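Following: one structure in structure tokens, then a few remarks.
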Amino acid sequence: MTPSGATSTNPTMTSHITPFLEHIHACNQATLPGQRAPFFWRDEQIGWVSPAIARELRSLKANTGNTLGIQDTNALRPLALTLAQRGLYKLHHEDFDIRNKAGDIIGQIDRGAIPILGLAAEGIHLNGLVETNHGPHLWVARRSMDKKLDPGKLDHLVAGGMSAGLTPSTTVIKEAEEEAGIPPSLAQQAKPVSRIQYAMERPEGLRRDVLHCYDLTLPETFRPIPNDGEVESFHLLPLMEVFERVRSTHDFKFNVNLVLIDLFLRRGLFSPQDHTLIHNALHPIAS
């Protein structure tokens with residue numbers, strides 16, 4: 001599968017941006033529907049399930065004829081609990097809101113059940129920027145080696161899933177204080193700048209993530225504090241060094257690359273032609 005936006009372009013013309021396109025493709029390698037079956041809330045599709053999960057759902061009578069799903073939103077949480085009891089995933093003991101296509105909340109479910117049902121999950125990523133006399137810098141976190149997902153990888157200053165009852169902006173304020181010691185008075189100055197979606201096959205299932213991206217300009221005197229044990233250390237790097245690391249390495253957690261590439265686009269770090277190719281790959285227009 002070729003990354004969107006690069007299908008009809010001479011490879012020699014895009015070789016210098018191929019690493020960026022590959023990062024984007026790596027988060028969009030899920031083929032849908034593939035062998036997955038749609039999962040419905042009433043008559044609206046909200047997820048995709050593998051053949052193995054489909055069999056479990058039928059055994060639990062979570063279907064109407066050949067259609068898999070639920071009619072009552074209150075059925076989401078107990079369905080997820082039963083799937084955990086059957087050993088299909090490990091409970092995270094953190095609920096996320098599940099929304100329909102209109103953006104209305106239709107119920108809550110344990111975070112761990114989201115990928116096995118192929119539901120959309122929302123989260124936030126915050127670019128912690130510092131404008132210096134030597135150019136823009138970015139605060140980068142190194143994930144703790146105790147993290148189950150991508151231990152030791154580089155990450156954003158602040159990033160996290162959107163728990164039930166929260167909005168993107170309230171999640172930014174909550175996560176900023178918990179992860180980096182950023183006081184609410186400063187975190188609330190973060191500006192929403194972009195929204196990124198991807199569909200990715202992972203060992204835990206299908207990740208259909210929606211990332212709400214924010215920029216926050218921090219004073220040069222600010223020093224983040226790793227409060228919650230999820231971060232090993234913080235580092236302030238020149239933005240161009242971050243650009244080169246994204247282009248040359250896989251040092252960053254997989255989805256962090258997407259948010260950084262979006263930042264590079266907005267900062268004008270690509271030529272006009274490259275900008276168009278990368279933008280179309282990262283933000284494809286739905287047909």
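How things are named: the first chain in the structure tokens is A, the next is B, and so on; residues count from 1 in each chain; ligands count from 1 in the order shown.
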Which of region 17-81 of chain A end up as alpha helix (DSSP H) when DSSP is run on this backbone - answer as a PyMOL selection string?
chain A and resi 18-26+51-59+76-81
Residues near Gln108 (chain A), cut-off 6 Å, only C-alpha atoms, skip fewer than 2 positions along chain, as a PDB file with N, CA and C atoms, in the first residue's frame:
```pdb
ATOM      1  N   ASP A  95     -12.768   4.741  31.815  1.00  0.00           N
ATOM      2  CA  ASP A  95     -13.792   4.790  30.778  1.00  0.00           C
ATOM      3  C   ASP A  95     -13.541   5.926  29.796  1.00  0.00           C
ATOM      4  N   PHE A  96     -13.846   5.649  28.535  1.00  0.00           N
ATOM      5  CA  PHE A  96     -13.847   6.664  27.485  1.00  0.00           C
ATOM      6  C   PHE A  96     -15.278   6.829  26.978  1.00  0.00           C
ATOM      7  N   ASP A  97     -15.597   8.048  26.552  1.00  0.00           N
ATOM      8  CA  ASP A  97     -16.876   8.280  25.884  1.00  0.00           C
ATOM      9  C   ASP A  97     -16.818   7.713  24.472  1.00  0.00           C
ATOM     10  N   ILE A  98     -17.926   7.127  24.033  1.00  0.00           N
ATOM     11  CA  ILE A  98     -18.065   6.679  22.650  1.00  0.00           C
ATOM     12  C   ILE A  98     -19.087   7.578  21.974  1.00  0.00           C
TER      13      ILE A  98
END
```
Counting only C-alpha atoms, the residue among A:Ala102, A:Leu216, A:Ile116, A:Leu269 that lies closest to Lys90 (chain A) is A:Ile116
Find the residues near Gly128 (chain A): any atom within 8 Å, counting only C-alpha atoms, skip ones fewer than 3 places away on the same chain, and give them as a list in words.
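Residues near the query, excluding close chain neighbours: Leu138, Trp139, Val140, His156, Leu157, Val158, Asp215, Leu216, Thr217 and Leu218 of chain A.
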Name all residues at most 8 Å from region 159-168 of chain A (count only C-alpha atoms; drop same-chain ones fewer than 4 positions away) and give them as a PyMOL selection string.
chain A and resi 94-97+108+121-126+155+172+175+212
Of the residues A:Pro192, A:Leu154, A:Ala80, A:Ile105, which is the one nearest to Leu263 (chain A), using only C-alpha atoms?
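Distance minimum relative to Leu263 (chain A) lands on A:Pro192.
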Neighbouring residues of region 241-255 of chain A were defined as those with any atom within 9 Å, considering only C-alpha atoms; residues of the same chain fewer than 4 positions away were excluded. Please report them as an MDAnalysis selection string.
chainID A and resid 16:20 23:24 26:27 137:138 140 142:143 149:156 198 211 237 259:261 264 269
Near-Gln197 (chain A) list (9 Å; only C-alpha atoms; drop same-chain fewer than 3 positions) as a VMD selection string
chain A and resid 28 208 to 211 282 to 283
Could you please take those selected residues and save C-alpha atoms as a short mmCIF file (atom, residue, chain, number, x, y, z; two decimals), in the first residue's frame?
```
data_model
loop_
_atom_site.label_atom_id
_atom_site.label_comp_id
_atom_site.auth_asym_id
_atom_site.auth_seq_id
_atom_site.Cartn_x
_atom_site.Cartn_y
_atom_site.Cartn_z
CA ASN A 28 -2.59 4.17 8.40
CA ARG A 208 -8.95 4.34 15.13
CA ASP A 209 -7.57 7.35 16.92
CA VAL A 210 -8.59 10.99 16.71
CA LEU A 211 -5.80 13.29 17.92
CA LEU A 282 -1.64 13.40 6.61
CA HIS A 283 -5.03 15.05 6.07
#
```
Interatomic distance (Å, one decimal) between CA of Leu76 (chain A) and CA of Arg58 (chain A)
14.8 Å
